[in-house]
Structure formats: structure tokens, C-alpha cells
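What follows is a single structure, written as C-alpha cells, with notes after it.
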Amino acid sequence: MPNSHPSFVILSKTSRSLSRARITAAGFVLGMGLVLAACGDNPDTAHPDAGDRVVARVEKHEIWASDVRREAVAQGLISEGEPLDVSSELFRRVLDEVIDQSLLASEAERRGLDNSPAAQRRLEAVRQRILGDMLVETVVNKAVSEQAVARLYAEQQRRAKQSDEVRLRLILSETREQADAVVALLGQGTAFEAVAAQRSIDETSRALGGDLGYATPDLLPAAYAAAIADKPAGALVGPVAVDGRWAVLRIEDRRAETPPTLEQARPVIVRYLTYEGVRQLLEQLRGKAKVEFEIDPPRSAPQTPPAATASTPANSTSPKPASSGSAS
């Protein structure tokens, strides 16, 4: 069970939606940028990326190693900032795709397809996305510095309210009678893990001998948290009524919550700083720009409750997983 770190969980949730949208848009832009390059390449112009090299030529168009790496990032084959060895099979496969894109773009240009009004609108849309992403990269590079990451980490550490973590084992039964029988077996000296594997109806934990891992009380079902309050390690607790079923718990261990290290928290902090930089930039630009809508605002769709997914076990009452931290 992962450790819980409330302050960093909040940062992660705050930044998730915009960062995903930005990554999706950037991936599309990187791929389309290769098409634009094929339609207007100057082979005599030095490439701006330091340490870059030409890896192929298609007629007069030069393909650089960075073009291939960006295409691999756009396809989700490697992460942003991850190197791509020019001698690898992956590099050669993506290079072949980039060559195909170049050939298609050159043929489209030869046929004059780039001169149609529809093509001009689409090319201009891609151009705007590329320039917008370059502006965002510039802003983010200034906002996401080592000093900013360390400063936000220290601030979150000061604000974090640490609590105790508890490691539990669970045996969940359908009826009180079944739970009483479980308590009787444990009282006779039968191993908790063995009874959990044989009798617990909680599919999530029974294969682990009932082990729920470490969790802070706020991540446990309220009935569990109340039942184990102030109980020492080694205590057997229950039966406890929860959602129409009955739980028998054993407290394996108690310990002080371990806060994340700077390196563990870094991805969450970087996402948050990225979100804040983009949000502030867009807020400034919208505040200065005149935007007029030529369509009516959308009508609110009727609210319907989400359907239950088949992947969620109906009988599972295991605690909710935390959003950050390392597994114990």
C-alpha cells in the first residue's frame, strides 16, 4: 500500500488535466511539424539543436536525429527528454516512418495540394500549435527550475501534517456468524494468513494473506479507522460491521508516516509548476485579447450517474490507494 502524502496528492490532482491536454497537443504538433519541414526545407541552414546530426537525406530534405527523436516522443515510444540511440532498432524504425512522411509531404507539394484553401487553413493551424508550444516551453523552462522545485518542496514539507501509518490484515465475511467463526479459529492459534486465504471474501487482499499494507487512517474505511484507533500493534480487532459485511482485522505495525523525498516528489512538483506557468500565461493573454464567439454557448447536458465498471470488485472494502509516494 503506498504511503499517503496529502499535500503532494493535491498538487498532482490540480495539475493532471491540463498537463495531459498539453502533452496530447504537443504530440500532434511534433508529428505534423515534420510535414511542414518537408514542405519548406533549406538544407544550407544549420540545425538549432546542439550536438545534432543529419541521419538521412530525402532528395534535398535533410532529416536530423532530433527529428526522429521528436517523432518517437510524439508516438509515445520514449518520454520527453529521453535520449534515443541512433544505432538502435527503434531509431531505425522511426527514421523509416519519418522518411515516409517526408516522401508523402513532398509528393503532396508536387501535386499542389499545399496551395488549396483547405490545406492552407490546416497548415496554419499546425503552425499556430507549434508556435504556441514553443512559447509554452519557454515559459515552463523559466518556471520549472531547480530552485523553484526545491522551494515548493520545502513549502509543502512545512505545511504537511504527518500522521501515523498502520499496517493491517483483513478477513472479510458475509455474515456475523462467519466472522465469529473466524475469531474462534484465530483464538485456537490458526495463522491469520491461512484463514484469510481460505475464508476472506475480499478478493483484493485474500491472495496476500489479508495484507492491506501501510495506510494512514484517512485512507481506510471509516469503520476500520474507528475500530483500530489507539489499538497497539499485534491487536486483533473485530468483528467490525462495514457495508453490510463483517471484518476481522489484525494490526501488524504502526509507524510514523514517511514524507516523500525531493526526488520522489519532483514529478508532481514539476507538473504543478508547469500547470501554473501555462495557466498564468493564458490568463494574461486572455485578459489582453478581444475574443468574440460567433456561436451560442453549449446547453448543459443532463446529469446521469456513472455506470459501475465490471473491473471493480463488488465485495472489495480495501482502502483507497494513495496518489503518490513509494510502495511499502
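Letters A, B, ... mark the chains of the C-alpha cells in the order given; residue numbers begin at 1 per chain; ligand numbers begin at 1, in order shown.
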Counting only C-alpha atoms, what is within 12 Å of Leu77 in chain A, bar same-chain residues fewer than 3 positions away, as a list in words?
Gly27, Val68, Arg69, Arg70, Glu71, Ala72, Val73, Ala74, Glu80, Glu82, Pro83, Leu84, Leu90, Phe91, Arg93 and Val94 of chain A
Generate the output file for the selected residues, all heavy atoms, as a compact mmCIF listing (two decimals), in the first residue's frame.
```txt
# COMPACT_ATOMS: atom_id res chain seq x y z
N GLY A 27 2.19 16.25 -28.77
CA GLY A 27 2.48 15.07 -29.58
C GLY A 27 2.00 15.23 -31.00
O GLY A 27 2.69 14.90 -31.96
N VAL A 68 13.87 12.60 -35.59
CA VAL A 68 13.46 11.22 -35.30
C VAL A 68 13.09 11.08 -33.83
O VAL A 68 12.08 10.44 -33.49
CB VAL A 68 14.59 10.24 -35.67
CG1 VAL A 68 14.18 8.81 -35.37
CG2 VAL A 68 14.97 10.39 -37.15
N ARG A 69 13.90 11.67 -32.97
CA ARG A 69 13.60 11.57 -31.54
C ARG A 69 12.26 12.22 -31.22
O ARG A 69 11.46 11.69 -30.44
CB ARG A 69 14.71 12.21 -30.70
CG ARG A 69 14.61 11.89 -29.21
CD ARG A 69 15.57 12.73 -28.39
NE ARG A 69 15.21 14.13 -28.44
CZ ARG A 69 14.24 14.67 -27.70
NH1 ARG A 69 13.52 13.92 -26.88
NH2 ARG A 69 13.97 15.96 -27.79
N ARG A 70 11.98 13.39 -31.79
CA ARG A 70 10.71 14.07 -31.53
C ARG A 70 9.53 13.25 -32.04
O ARG A 70 8.46 13.23 -31.45
CB ARG A 70 10.71 15.47 -32.15
CG ARG A 70 11.44 16.50 -31.30
CD ARG A 70 11.13 17.91 -31.77
NE ARG A 70 11.75 18.20 -33.04
CZ ARG A 70 12.97 18.75 -33.16
NH1 ARG A 70 13.66 19.04 -32.08
NH2 ARG A 70 13.49 18.99 -34.35
N GLU A 71 9.72 12.58 -33.18
CA GLU A 71 8.64 11.72 -33.68
C GLU A 71 8.40 10.55 -32.72
O GLU A 71 7.25 10.16 -32.48
CB GLU A 71 9.01 11.20 -35.07
CG GLU A 71 8.00 10.21 -35.66
CD GLU A 71 6.64 10.83 -35.95
OE1 GLU A 71 6.51 12.07 -35.91
OE2 GLU A 71 5.70 10.06 -36.22
N ALA A 72 9.48 10.00 -32.15
CA ALA A 72 9.34 8.91 -31.18
C ALA A 72 8.61 9.39 -29.93
O ALA A 72 7.78 8.67 -29.37
CB ALA A 72 10.72 8.34 -30.82
N VAL A 73 8.89 10.61 -29.51
CA VAL A 73 8.18 11.19 -28.36
C VAL A 73 6.71 11.38 -28.69
O VAL A 73 5.82 11.06 -27.90
CB VAL A 73 8.81 12.53 -27.95
CG1 VAL A 73 7.95 13.24 -26.90
CG2 VAL A 73 10.23 12.32 -27.41
N ALA A 74 6.43 11.89 -29.90
CA ALA A 74 5.05 12.14 -30.31
C ALA A 74 4.23 10.85 -30.34
O ALA A 74 3.04 10.85 -30.03
CB ALA A 74 5.02 12.80 -31.69
N GLU A 80 9.61 12.48 -22.98
CA GLU A 80 10.25 13.76 -23.30
C GLU A 80 11.57 13.85 -22.55
O GLU A 80 11.65 13.58 -21.36
CB GLU A 80 9.33 14.92 -22.89
CG GLU A 80 9.87 16.27 -23.27
CD GLU A 80 9.95 16.47 -24.78
OE1 GLU A 80 8.96 16.18 -25.47
OE2 GLU A 80 11.02 16.90 -25.27
N GLU A 82 14.12 11.92 -22.98
CA GLU A 82 14.84 10.64 -23.01
C GLU A 82 15.64 10.53 -24.31
O GLU A 82 15.13 10.80 -25.39
CB GLU A 82 13.84 9.49 -22.92
CG GLU A 82 14.48 8.10 -22.92
CD GLU A 82 13.44 7.00 -22.85
OE1 GLU A 82 12.25 7.31 -22.61
OE2 GLU A 82 13.80 5.82 -23.04
N PRO A 83 16.92 10.13 -24.22
CA PRO A 83 17.73 10.01 -25.44
C PRO A 83 17.29 8.81 -26.27
O PRO A 83 16.67 7.87 -25.78
CB PRO A 83 19.15 9.83 -24.90
CG PRO A 83 18.96 9.20 -23.55
CD PRO A 83 17.68 9.80 -23.00
N LEU A 84 17.63 8.88 -27.56
CA LEU A 84 17.33 7.77 -28.47
C LEU A 84 18.59 7.48 -29.28
O LEU A 84 19.02 8.29 -30.09
CB LEU A 84 16.16 8.14 -29.40
CG LEU A 84 15.72 7.07 -30.40
CD1 LEU A 84 15.31 5.81 -29.67
CD2 LEU A 84 14.58 7.58 -31.27
N LEU A 90 14.88 0.77 -32.66
CA LEU A 90 13.77 1.72 -32.54
C LEU A 90 14.04 2.98 -33.36
O LEU A 90 13.16 3.47 -34.07
CB LEU A 90 13.54 2.07 -31.07
CG LEU A 90 12.45 3.13 -30.81
CD1 LEU A 90 11.10 2.66 -31.33
CD2 LEU A 90 12.38 3.46 -29.32
N PHE A 91 15.28 3.49 -33.26
CA PHE A 91 15.61 4.69 -34.03
C PHE A 91 15.44 4.43 -35.52
O PHE A 91 14.87 5.26 -36.24
CB PHE A 91 17.05 5.11 -33.74
CG PHE A 91 17.44 6.41 -34.39
CD1 PHE A 91 17.33 7.61 -33.71
CD2 PHE A 91 17.92 6.43 -35.70
CE1 PHE A 91 17.68 8.81 -34.32
CE2 PHE A 91 18.27 7.62 -36.31
CZ PHE A 91 18.15 8.82 -35.62
N ARG A 93 13.56 2.25 -37.03
CA ARG A 93 12.15 2.07 -37.38
C ARG A 93 11.44 3.42 -37.47
O ARG A 93 10.69 3.68 -38.42
CB ARG A 93 11.46 1.18 -36.35
CG ARG A 93 9.97 1.01 -36.58
CD ARG A 93 9.43 -0.19 -35.85
NE ARG A 93 9.60 -0.10 -34.42
CZ ARG A 93 8.75 0.54 -33.60
NH1 ARG A 93 7.69 1.14 -34.10
NH2 ARG A 93 8.97 0.56 -32.30
N VAL A 94 11.69 4.29 -36.50
CA VAL A 94 11.06 5.61 -36.53
C VAL A 94 11.63 6.44 -37.67
O VAL A 94 10.91 7.21 -38.32
CB VAL A 94 11.25 6.33 -35.17
CG1 VAL A 94 10.64 7.73 -35.21
CG2 VAL A 94 10.62 5.52 -34.04
```
With only C-alpha atoms as the counted atoms, please give the residues lying no more than 12 Å from Val182 in chain A, apart from itself and same-chain residues fewer than 5 positions off, as a count of residues only.
30
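Among the candidates A:Val149, A:Leu103, A:Ile130, A:Val98, the residue lying nearest to Thr274 in chain A is A:Val149 (atoms considered: only C-alpha atoms).
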Please, which residues of range 231-314 of chain A, numbered as in this document, come out strand (DSSP E) from DSSP, as number ranges by chain?
A: 236-242, 245-256
Near range 166-168 of chain A, counting only C-alpha atoms, which residues have an atom at most 6 Å away, once you skip same-chain residues fewer than 5 positions from it, shown as a PyMOL selection string?
chain A and resi 212-215+250-254
Atoms kept (all heavy atoms) for selection, written as a tab-separated table (two decimals), in the first residue's frame:
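Output contents, as saved in out_15.tsv:
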```tsv
chain	number	residue	atom	x	y	z
A	212	LEU	N	-3.15	-5.59	3.87
A	212	LEU	CA	-3.58	-4.35	3.22
A	212	LEU	C	-2.44	-3.35	3.08
A	212	LEU	O	-2.64	-2.26	2.52
A	212	LEU	CB	-4.72	-3.70	4.03
A	212	LEU	CG	-6.00	-4.53	4.19
A	212	LEU	CD1	-7.01	-3.76	5.03
A	212	LEU	CD2	-6.58	-4.90	2.84
A	213	GLY	N	-1.26	-3.67	3.60
A	213	GLY	CA	-0.14	-2.75	3.51
A	213	GLY	C	-0.31	-1.59	4.49
A	213	GLY	O	-1.20	-1.58	5.34
A	214	TYR	N	0.54	-0.59	4.34
A	214	TYR	CA	0.51	0.58	5.22
A	214	TYR	C	-0.45	1.63	4.66
A	214	TYR	O	-0.51	1.85	3.45
A	214	TYR	CB	1.89	1.20	5.36
A	214	TYR	CG	2.82	0.43	6.28
A	214	TYR	CD1	3.72	-0.50	5.76
A	214	TYR	CD2	2.80	0.65	7.65
A	214	TYR	CE1	4.57	-1.20	6.60
A	214	TYR	CE2	3.65	-0.05	8.50
A	214	TYR	CZ	4.54	-0.97	7.96
A	214	TYR	OH	5.38	-1.67	8.79
A	215	ALA	N	-1.18	2.27	5.54
A	215	ALA	CA	-2.08	3.35	5.14
A	215	ALA	C	-2.29	4.27	6.33
A	215	ALA	O	-2.23	3.85	7.50
A	215	ALA	CB	-3.42	2.79	4.67
A	250	ARG	N	-6.27	-7.44	11.99
A	250	ARG	CA	-5.12	-7.55	12.88
A	250	ARG	C	-4.17	-6.41	12.56
A	250	ARG	O	-3.84	-6.17	11.38
A	250	ARG	CB	-4.40	-8.89	12.72
A	250	ARG	CG	-3.31	-9.08	13.81
A	250	ARG	CD	-2.69	-10.45	13.76
A	250	ARG	NE	-1.77	-10.58	12.61
A	250	ARG	CZ	-1.25	-11.73	12.23
A	250	ARG	NH1	-1.57	-12.85	12.86
A	250	ARG	NH2	-0.42	-11.79	11.21
A	251	ILE	N	-3.73	-5.71	13.59
A	251	ILE	CA	-2.80	-4.61	13.42
A	251	ILE	C	-1.39	-5.17	13.41
A	251	ILE	O	-0.89	-5.65	14.43
A	251	ILE	CB	-2.95	-3.56	14.54
A	251	ILE	CG1	-4.39	-3.03	14.57
A	251	ILE	CG2	-1.96	-2.42	14.34
A	251	ILE	CD1	-4.67	-2.09	15.72
A	252	GLU	N	-0.77	-5.15	12.25
A	252	GLU	CA	0.58	-5.69	12.10
A	252	GLU	C	1.64	-4.74	12.65
A	252	GLU	O	2.62	-5.18	13.29
A	252	GLU	CB	0.88	-5.97	10.62
A	252	GLU	CG	0.04	-7.08	10.03
A	252	GLU	CD	0.41	-8.44	10.56
A	252	GLU	OE1	1.53	-8.90	10.27
A	252	GLU	OE2	-0.41	-9.03	11.30
A	253	ASP	N	1.46	-3.43	12.39
A	253	ASP	CA	2.51	-2.48	12.75
A	253	ASP	C	1.94	-1.08	12.75
A	253	ASP	O	0.95	-0.79	12.06
A	253	ASP	CB	3.68	-2.59	11.76
A	253	ASP	CG	4.88	-1.75	12.16
A	253	ASP	OD1	5.06	-1.50	13.37
A	253	ASP	OD2	5.63	-1.31	11.27
A	254	ARG	N	2.57	-0.21	13.52
A	254	ARG	CA	2.29	1.23	13.47
A	254	ARG	C	3.63	1.95	13.32
A	254	ARG	O	4.63	1.55	13.91
A	254	ARG	CB	1.60	1.71	14.74
A	254	ARG	CG	0.12	1.32	14.85
A	254	ARG	CD	-0.52	1.96	16.07
A	254	ARG	NE	-1.93	1.64	16.18
A	254	ARG	CZ	-2.90	2.31	15.58
A	254	ARG	NH1	-2.61	3.33	14.79
A	254	ARG	NH2	-4.16	1.95	15.75
```
